[in-house]
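Dropping data_5.cif in here (mmCIF, N, CA and C atoms):
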data_protein
#
loop_
_atom_site.label_atom_id
_atom_site.label_comp_id
_atom_site.auth_asym_id
_atom_site.auth_seq_id
_atom_site.Cartn_x
_atom_site.Cartn_y
_atom_site.Cartn_z
N GLN N 1 0.83 -1.19 0.00
CA GLN N 1 0.00 0.00 0.00
C GLN N 1 0.87 1.25 0.00
N VAL N 2 0.35 2.29 -0.64
CA VAL N 2 1.05 3.57 -0.68
C VAL N 2 0.42 4.51 0.34
N HIS N 3 1.27 5.10 1.16
CA HIS N 3 0.82 6.10 2.12
C HIS N 3 1.22 7.46 1.60
N LEU N 4 0.23 8.32 1.35
CA LEU N 4 0.48 9.62 0.73
C LEU N 4 0.24 10.75 1.72
N VAL N 5 1.14 11.71 1.73
CA VAL N 5 1.01 12.86 2.62
C VAL N 5 1.22 14.14 1.83
N GLU N 6 0.20 15.00 1.82
CA GLU N 6 0.29 16.28 1.12
C GLU N 6 0.79 17.37 2.05
N SER N 7 1.40 18.39 1.46
CA SER N 7 1.82 19.57 2.21
C SER N 7 1.88 20.74 1.25
N GLY N 8 1.99 21.93 1.82
CA GLY N 8 2.17 23.12 1.01
C GLY N 8 0.94 24.00 0.86
N GLY N 9 -0.19 23.56 1.38
CA GLY N 9 -1.37 24.40 1.29
C GLY N 9 -1.26 25.61 2.19
N GLY N 10 -2.24 26.50 2.08
CA GLY N 10 -2.25 27.69 2.92
C GLY N 10 -3.25 28.69 2.42
N SER N 11 -3.19 29.88 3.00
CA SER N 11 -4.07 30.98 2.62
C SER N 11 -3.26 32.04 1.89
N VAL N 12 -3.70 32.39 0.69
CA VAL N 12 -2.98 33.38 -0.11
C VAL N 12 -3.98 34.33 -0.76
N GLN N 13 -3.47 35.44 -1.22
CA GLN N 13 -4.30 36.38 -1.96
C GLN N 13 -4.35 35.98 -3.43
N ALA N 14 -5.39 36.39 -4.08
CA ALA N 14 -5.55 36.12 -5.50
C ALA N 14 -4.35 36.65 -6.28
N GLY N 15 -3.93 35.85 -7.25
CA GLY N 15 -2.79 36.22 -8.07
C GLY N 15 -1.47 35.63 -7.59
N ARG N 16 -1.45 35.13 -6.36
CA ARG N 16 -0.23 34.57 -5.82
C ARG N 16 -0.09 33.10 -6.21
N SER N 17 1.01 32.50 -5.75
CA SER N 17 1.33 31.12 -6.10
C SER N 17 1.49 30.26 -4.86
N LEU N 18 1.27 28.97 -5.04
CA LEU N 18 1.56 27.96 -4.03
C LEU N 18 2.10 26.73 -4.73
N ARG N 19 2.91 25.97 -4.01
CA ARG N 19 3.41 24.70 -4.54
C ARG N 19 3.04 23.61 -3.56
N LEU N 20 2.23 22.68 -4.03
CA LEU N 20 1.85 21.55 -3.21
C LEU N 20 2.81 20.39 -3.44
N SER N 21 3.07 19.66 -2.39
CA SER N 21 3.92 18.47 -2.47
C SER N 21 3.15 17.28 -1.94
N CYS N 22 3.48 16.13 -2.46
CA CYS N 22 2.89 14.87 -2.00
C CYS N 22 4.02 13.87 -1.89
N THR N 23 4.25 13.39 -0.69
CA THR N 23 5.32 12.43 -0.45
C THR N 23 4.72 11.07 -0.16
N ALA N 24 5.29 10.04 -0.80
CA ALA N 24 4.77 8.69 -0.65
C ALA N 24 5.69 7.86 0.24
N ALA N 25 5.08 6.95 0.99
CA ALA N 25 5.83 6.03 1.83
C ALA N 25 5.23 4.64 1.69
N ARG N 26 5.96 3.65 2.16
CA ARG N 26 5.55 2.24 2.19
C ARG N 26 5.59 1.55 0.83
N ASP N 27 5.54 2.33 -0.26
CA ASP N 27 5.64 1.73 -1.58
C ASP N 27 6.05 2.83 -2.56
N THR N 28 6.58 2.42 -3.71
CA THR N 28 7.03 3.38 -4.70
C THR N 28 5.86 3.88 -5.55
N ILE N 29 5.99 5.11 -6.03
CA ILE N 29 4.98 5.64 -6.95
C ILE N 29 5.46 5.55 -8.39
N SER N 30 6.65 5.01 -8.58
CA SER N 30 7.30 5.11 -9.89
C SER N 30 6.54 4.42 -11.01
N ARG N 31 5.73 3.40 -10.73
CA ARG N 31 4.99 2.71 -11.78
C ARG N 31 3.50 2.93 -11.65
N LYS N 32 3.15 4.11 -11.18
CA LYS N 32 1.73 4.41 -10.98
C LYS N 32 1.37 5.76 -11.59
N CYS N 33 0.17 5.82 -12.16
CA CYS N 33 -0.40 7.12 -12.49
C CYS N 33 -0.64 7.87 -11.19
N MET N 34 -0.39 9.16 -11.22
CA MET N 34 -0.64 10.01 -10.06
C MET N 34 -1.53 11.17 -10.47
N GLY N 35 -2.31 11.65 -9.52
CA GLY N 35 -3.19 12.76 -9.83
C GLY N 35 -3.37 13.68 -8.65
N TRP N 36 -3.75 14.89 -8.96
CA TRP N 36 -4.20 15.86 -7.97
C TRP N 36 -5.70 16.08 -8.19
N PHE N 37 -6.43 16.02 -7.12
CA PHE N 37 -7.86 16.28 -7.13
C PHE N 37 -8.15 17.37 -6.11
N ARG N 38 -9.31 17.99 -6.23
CA ARG N 38 -9.70 18.98 -5.24
C ARG N 38 -11.20 18.90 -4.98
N GLN N 39 -11.58 19.33 -3.78
CA GLN N 39 -12.99 19.35 -3.42
C GLN N 39 -13.29 20.63 -2.66
N ALA N 40 -14.10 21.45 -3.26
CA ALA N 40 -14.54 22.67 -2.61
C ALA N 40 -15.74 22.38 -1.73
N SER N 41 -15.98 23.23 -0.77
CA SER N 41 -17.08 23.03 0.16
C SER N 41 -18.41 22.95 -0.59
N GLY N 42 -19.15 21.88 -0.35
CA GLY N 42 -20.44 21.70 -0.98
C GLY N 42 -20.41 21.21 -2.41
N LYS N 43 -19.21 20.89 -2.90
CA LYS N 43 -19.08 20.42 -4.29
C LYS N 43 -18.46 19.04 -4.33
N GLU N 44 -18.59 18.40 -5.48
CA GLU N 44 -18.00 17.08 -5.65
C GLU N 44 -16.49 17.20 -5.90
N ARG N 45 -15.79 16.12 -5.60
CA ARG N 45 -14.36 16.08 -5.87
C ARG N 45 -14.14 16.09 -7.38
N GLU N 46 -13.17 16.87 -7.82
CA GLU N 46 -12.89 16.98 -9.25
C GLU N 46 -11.40 16.82 -9.52
N VAL N 47 -11.11 16.34 -10.71
CA VAL N 47 -9.72 16.19 -11.09
C VAL N 47 -9.12 17.55 -11.38
N VAL N 48 -7.87 17.73 -10.99
CA VAL N 48 -7.13 18.95 -11.30
C VAL N 48 -6.09 18.65 -12.38
N ALA N 49 -5.29 17.60 -12.14
CA ALA N 49 -4.24 17.24 -13.08
C ALA N 49 -3.83 15.80 -12.84
N THR N 50 -3.34 15.16 -13.90
CA THR N 50 -2.80 13.81 -13.77
C THR N 50 -1.47 13.73 -14.51
N ILE N 51 -0.69 12.71 -14.15
CA ILE N 51 0.62 12.54 -14.79
C ILE N 51 0.92 11.05 -14.88
N THR N 52 1.43 10.62 -16.03
CA THR N 52 1.75 9.21 -16.22
C THR N 52 2.99 8.82 -15.42
N SER N 53 3.24 7.52 -15.34
CA SER N 53 4.26 7.01 -14.43
C SER N 53 5.64 7.59 -14.70
N ALA N 54 5.98 7.77 -15.97
CA ALA N 54 7.30 8.32 -16.31
C ALA N 54 7.27 9.84 -16.44
N GLY N 55 6.11 10.41 -16.24
CA GLY N 55 6.00 11.86 -16.32
C GLY N 55 5.94 12.41 -17.73
N LEU N 56 5.68 11.53 -18.71
CA LEU N 56 5.74 11.97 -20.10
C LEU N 56 4.45 12.63 -20.58
N THR N 57 3.36 12.27 -19.96
CA THR N 57 2.06 12.81 -20.39
C THR N 57 1.32 13.38 -19.19
N THR N 58 0.81 14.58 -19.37
CA THR N 58 0.04 15.22 -18.31
C THR N 58 -1.33 15.62 -18.84
N TYR N 59 -2.24 15.78 -17.90
CA TYR N 59 -3.59 16.26 -18.22
C TYR N 59 -3.94 17.35 -17.21
N TYR N 60 -4.65 18.38 -17.69
CA TYR N 60 -5.10 19.44 -16.81
C TYR N 60 -6.57 19.73 -17.05
N ALA N 61 -7.28 19.96 -15.99
CA ALA N 61 -8.65 20.44 -16.14
C ALA N 61 -8.62 21.81 -16.81
N ASP N 62 -9.64 22.11 -17.58
CA ASP N 62 -9.68 23.38 -18.29
C ASP N 62 -9.54 24.57 -17.35
N SER N 63 -10.06 24.43 -16.17
CA SER N 63 -10.07 25.54 -15.22
C SER N 63 -8.69 25.92 -14.71
N VAL N 64 -7.72 25.00 -14.85
CA VAL N 64 -6.37 25.28 -14.32
C VAL N 64 -5.31 25.29 -15.42
N LYS N 65 -5.71 24.95 -16.63
CA LYS N 65 -4.75 24.85 -17.73
C LYS N 65 -4.05 26.20 -17.93
N GLY N 66 -2.73 26.14 -18.03
CA GLY N 66 -1.94 27.35 -18.22
C GLY N 66 -1.53 28.01 -16.92
N ARG N 67 -2.12 27.58 -15.80
CA ARG N 67 -1.78 28.17 -14.50
C ARG N 67 -1.11 27.17 -13.57
N PHE N 68 -1.51 25.90 -13.67
CA PHE N 68 -0.98 24.85 -12.79
C PHE N 68 -0.04 23.94 -13.58
N THR N 69 0.94 23.39 -12.87
CA THR N 69 1.86 22.43 -13.47
C THR N 69 2.06 21.26 -12.52
N ILE N 70 1.78 20.06 -13.02
CA ILE N 70 2.00 18.85 -12.24
C ILE N 70 3.34 18.27 -12.64
N SER N 71 4.07 17.75 -11.66
CA SER N 71 5.36 17.12 -11.93
C SER N 71 5.60 16.04 -10.88
N ARG N 72 6.56 15.19 -11.17
CA ARG N 72 6.89 14.12 -10.23
C ARG N 72 8.38 13.87 -10.23
N HIS N 73 8.86 13.39 -9.10
CA HIS N 73 10.26 13.02 -8.97
C HIS N 73 10.26 11.61 -8.40
N ASN N 74 10.28 10.64 -9.27
CA ASN N 74 10.12 9.24 -8.83
C ASN N 74 11.23 8.81 -7.87
N ALA N 75 12.43 9.27 -8.11
CA ALA N 75 13.54 8.88 -7.23
C ALA N 75 13.32 9.35 -5.80
N GLU N 76 12.57 10.45 -5.67
CA GLU N 76 12.26 10.97 -4.34
C GLU N 76 10.86 10.57 -3.89
N ASN N 77 10.20 9.76 -4.72
CA ASN N 77 8.85 9.28 -4.38
C ASN N 77 7.90 10.45 -4.10
N SER N 78 7.99 11.46 -4.94
CA SER N 78 7.23 12.68 -4.68
C SER N 78 6.49 13.18 -5.90
N LEU N 79 5.38 13.86 -5.63
CA LEU N 79 4.53 14.48 -6.64
C LEU N 79 4.36 15.94 -6.26
N TYR N 80 4.25 16.81 -7.27
CA TYR N 80 4.15 18.24 -7.00
C TYR N 80 3.03 18.87 -7.84
N LEU N 81 2.54 19.99 -7.35
CA LEU N 81 1.59 20.80 -8.12
C LEU N 81 1.95 22.27 -7.91
N GLN N 82 2.50 22.86 -8.95
CA GLN N 82 2.80 24.30 -8.91
C GLN N 82 1.55 25.04 -9.35
N MET N 83 1.07 25.94 -8.50
CA MET N 83 -0.16 26.66 -8.78
C MET N 83 0.14 28.15 -8.85
N ASN N 84 -0.04 28.72 -10.02
CA ASN N 84 0.20 30.15 -10.23
C ASN N 84 -1.11 30.87 -10.52
N SER N 85 -1.09 32.17 -10.36
CA SER N 85 -2.26 33.01 -10.66
C SER N 85 -3.52 32.46 -10.01
N LEU N 86 -3.41 32.17 -8.74
CA LEU N 86 -4.54 31.59 -8.01
C LEU N 86 -5.70 32.57 -7.93
N ASN N 87 -6.90 32.04 -7.96
CA ASN N 87 -8.09 32.85 -7.79
C ASN N 87 -9.03 32.18 -6.79
N ALA N 88 -10.09 32.87 -6.43
CA ALA N 88 -10.98 32.37 -5.38
C ALA N 88 -11.61 31.04 -5.74
N ASP N 89 -11.78 30.78 -7.04
CA ASP N 89 -12.37 29.50 -7.46
C ASP N 89 -11.45 28.32 -7.20
N ASP N 90 -10.18 28.58 -6.90
CA ASP N 90 -9.24 27.51 -6.60
C ASP N 90 -9.30 27.09 -5.13
N THR N 91 -10.07 27.79 -4.33
CA THR N 91 -10.20 27.44 -2.93
C THR N 91 -10.83 26.06 -2.78
N ALA N 92 -10.12 25.16 -2.11
CA ALA N 92 -10.58 23.78 -1.97
C ALA N 92 -9.58 22.99 -1.13
N MET N 93 -10.00 21.79 -0.76
CA MET N 93 -9.07 20.83 -0.19
C MET N 93 -8.45 20.08 -1.37
N TYR N 94 -7.14 20.00 -1.39
CA TYR N 94 -6.42 19.36 -2.48
C TYR N 94 -5.87 18.02 -2.01
N TYR N 95 -6.08 16.99 -2.84
CA TYR N 95 -5.65 15.64 -2.52
C TYR N 95 -4.75 15.10 -3.62
N CYS N 96 -3.72 14.37 -3.23
CA CYS N 96 -2.98 13.61 -4.22
C CYS N 96 -3.47 12.16 -4.16
N ALA N 97 -3.37 11.48 -5.27
CA ALA N 97 -3.89 10.12 -5.36
C ALA N 97 -3.04 9.29 -6.29
N ALA N 98 -3.01 7.98 -6.04
CA ALA N 98 -2.22 7.05 -6.85
C ALA N 98 -3.12 5.95 -7.40
N ASP N 99 -2.91 5.63 -8.66
CA ASP N 99 -3.61 4.54 -9.31
C ASP N 99 -2.59 3.45 -9.62
N PRO N 100 -2.58 2.37 -8.87
CA PRO N 100 -1.56 1.34 -9.06
C PRO N 100 -1.76 0.49 -10.30
N ASP N 101 -2.93 0.62 -10.94
CA ASP N 101 -3.26 -0.24 -12.08
C ASP N 101 -2.96 0.41 -13.43
N SER N 102 -2.49 1.64 -13.42
CA SER N 102 -2.25 2.33 -14.68
C SER N 102 -0.90 3.03 -14.65
N GLN N 103 -0.24 3.02 -15.81
CA GLN N 103 1.04 3.73 -15.92
C GLN N 103 1.05 4.73 -17.07
N ILE N 104 0.47 4.35 -18.23
CA ILE N 104 0.58 5.19 -19.41
C ILE N 104 -0.75 5.83 -19.81
N TYR N 105 -1.82 5.46 -19.18
CA TYR N 105 -3.08 6.16 -19.37
C TYR N 105 -3.66 6.43 -17.99
N CYS N 106 -3.82 7.68 -17.67
CA CYS N 106 -4.28 8.04 -16.34
C CYS N 106 -5.75 8.47 -16.38
N SER N 107 -6.52 7.84 -15.55
CA SER N 107 -7.94 8.17 -15.49
C SER N 107 -8.15 9.56 -14.90
N LYS N 108 -9.24 10.18 -15.32
CA LYS N 108 -9.64 11.47 -14.76
C LYS N 108 -10.73 11.29 -13.71
N THR N 109 -11.04 10.03 -13.43
CA THR N 109 -12.11 9.70 -12.49
C THR N 109 -11.52 9.33 -11.14
N SER N 110 -12.02 9.93 -10.09
CA SER N 110 -11.45 9.68 -8.77
C SER N 110 -11.59 8.22 -8.35
N GLY N 111 -12.61 7.54 -8.83
CA GLY N 111 -12.82 6.16 -8.45
C GLY N 111 -11.74 5.20 -8.90
N ALA N 112 -10.95 5.62 -9.88
CA ALA N 112 -9.88 4.76 -10.39
C ALA N 112 -8.65 4.78 -9.48
N TYR N 113 -8.59 5.71 -8.57
CA TYR N 113 -7.42 5.88 -7.72
C TYR N 113 -7.65 5.20 -6.37
N ASP N 114 -6.74 4.30 -6.03
CA ASP N 114 -6.92 3.49 -4.82
C ASP N 114 -6.36 4.14 -3.57
N TYR N 115 -5.35 4.99 -3.74
CA TYR N 115 -4.66 5.52 -2.57
C TYR N 115 -4.76 7.05 -2.57
N TRP N 116 -5.07 7.58 -1.39
CA TRP N 116 -5.31 9.02 -1.23
C TRP N 116 -4.59 9.55 -0.01
N GLY N 117 -4.15 10.80 -0.12
CA GLY N 117 -3.63 11.48 1.04
C GLY N 117 -4.77 12.07 1.86
N GLN N 118 -4.41 12.74 2.94
CA GLN N 118 -5.42 13.30 3.83
C GLN N 118 -5.89 14.68 3.36
N GLY N 119 -5.17 15.25 2.41
CA GLY N 119 -5.56 16.54 1.86
C GLY N 119 -4.83 17.71 2.50
N THR N 120 -4.71 18.78 1.72
CA THR N 120 -4.15 20.03 2.22
C THR N 120 -5.04 21.17 1.73
N GLN N 121 -5.39 22.07 2.62
CA GLN N 121 -6.34 23.12 2.31
C GLN N 121 -5.66 24.29 1.61
N VAL N 122 -6.28 24.74 0.53
CA VAL N 122 -5.85 25.94 -0.18
C VAL N 122 -6.99 26.95 -0.13
N THR N 123 -6.71 28.13 0.39
CA THR N 123 -7.72 29.18 0.48
C THR N 123 -7.18 30.42 -0.21
N VAL N 124 -7.94 30.91 -1.18
CA VAL N 124 -7.52 32.08 -1.95
C VAL N 124 -8.52 33.21 -1.70
N SER N 125 -8.03 34.31 -1.24
CA SER N 125 -8.89 35.46 -0.96
C SER N 125 -8.73 36.50 -2.07
N SER N 126 -9.86 37.08 -2.43
CA SER N 126 -9.83 38.06 -3.53
C SER N 126 -9.74 39.48 -3.00
#

This entry written out as structure tokens:
Amino acid sequence: QVHLVESGGGSVQAGRSLRLSCTAARDTISRKCMGWFRQASGKEREVVATITSAGLTTYYADSVKGRFTISRHNAENSLYLQMNSLNADDTAMYYCAADPDSQIYCSKTSGAYDYWGQGTQVTVSS
């Protein structure tokens, strides 16, 4: 099993940046699709970005495209999300997730991901 721990959330003003990190323990993430998801208060969990096992292919939700960048460092068993030009709509709990069954095609559906972190809160004030 993969144990995931997110960090880097916080409260920022609109237009600023944050970098989220996700560190894995107990198992490697190197052969797994990884994703960032978020859930705003009163809303369903939604995909933010995904990245294939080797980091060659990424996907971004339209709402974050051009502002967020997902990356991974397999040797350090870590996943990252660089978030620039944040706005109030980005306020949510952010989760990293691992799909052990996929490497080169990453699902955009949260149900495909077996392992989840506890989440890190991002709050953007306008």

| query | If we count only C-alpha atoms, what is near Ser126 (chain N) at a cut-off of 9 Å, once residues fewer than 5 positions away on the same chain are taken out, given as a PyMOL selection string? | reply | chain N and resi 12-15+87-88

Residue subset to file, keeping N, CA and C atoms, as a compact mmCIF listing (two decimals), in the frame of the given file:
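The new file part.txt reads:
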# COMPACT_ATOMS: atom_id res chain seq x y z
N VAL N 12 -3.70 32.39 0.69
CA VAL N 12 -2.98 33.38 -0.11
C VAL N 12 -3.98 34.33 -0.76
N GLN N 13 -3.47 35.44 -1.22
CA GLN N 13 -4.30 36.38 -1.96
C GLN N 13 -4.35 35.98 -3.43
N ALA N 14 -5.39 36.39 -4.08
CA ALA N 14 -5.55 36.12 -5.50
C ALA N 14 -4.35 36.65 -6.28
N GLY N 15 -3.93 35.85 -7.25
CA GLY N 15 -2.79 36.22 -8.07
C GLY N 15 -1.47 35.63 -7.59
N ASN N 87 -6.90 32.04 -7.96
CA ASN N 87 -8.09 32.85 -7.79
C ASN N 87 -9.03 32.18 -6.79
N ALA N 88 -10.09 32.87 -6.43
CA ALA N 88 -10.98 32.37 -5.38
C ALA N 88 -11.61 31.04 -5.74

| query | Which one is closest to Leu20 (chain N): N:Arg67, N:Tyr105, N:Val122, N:Leu81? Count all atoms listed in the file. | reply |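 For Leu20 (chain N), the nearest of the candidates is N:Leu81.
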
| query | Pick the closest to Leu86 (chain N) from N:Arg16, N:Gly66, N:Gly10, N:Gly111: which is it, counting all atoms listed in the file? | reply | N:Arg16

| request: Have a look at N:Met34, N:Ala98, N:Val48, N:Leu4 and name the one nearest to Tyr113 (chain N); count only N, CA and C atoms. | output: N:Ala98

| query | By how many Å are atom C of Leu79 (chain N) and CA of Val124 (chain N) apart? | reply | 20.5 Å

| Option closest in space to Thr28 (chain N), from N:Ser7, N:Gln118, N:Thr52, N:Asn74 [counting only N, CA and C atoms] |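 For Thr28 (chain N), the nearest of the candidates is N:Asn74.
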
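Closest approach to Gly119 (chain N) among N:Arg38, N:Ser102, N:Ala75, N:Tyr95 is made by N:Tyr95 (distances from only N, CA and C atoms).
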
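The two atoms in question, CA of Ser17 (chain N) and CA of Ala49 (chain N), are spaced 16.5 Å apart.
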
| query | Which polymer residues have any atom within 6 Å of an atom of Ala92 (chain N), counting only N, CA and C atoms, with same-chain residues fewer than 4 positions away left out, as a ChimeraX atom specification? | reply | /N:38-41,120-123

| Which of these residues is nearest to Ala61 (chain N), using only N, CA and C atoms: N:Gly42, N:Val47, N:Arg31, N:Ser11? | N:Val47

| request: Could you list the residues chosen by the PyMOL selection byres ((chain N and resi 54) around 8) in this structure as a list of chain:residue names? | output: N:Ile29, N:Ser30, N:Arg31, N:Lys32, N:Cys33, N:Ile51, N:Thr52, N:Ser53, N:Gly55, N:Leu56, N:Thr57, N:Arg72, N:Asn74, N:Gln103, N:Ile104

| field | Cut-off 5 Å around (0.2, 19.1, -9.2) with all atoms listed in the file: residues as a list in words | value |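 Protein, DNA and RNA residues close to (0.2, 19.1, -9.2): Thr69, Ile70, Ser71, Tyr80, Leu81 and Gln82 of chain N.
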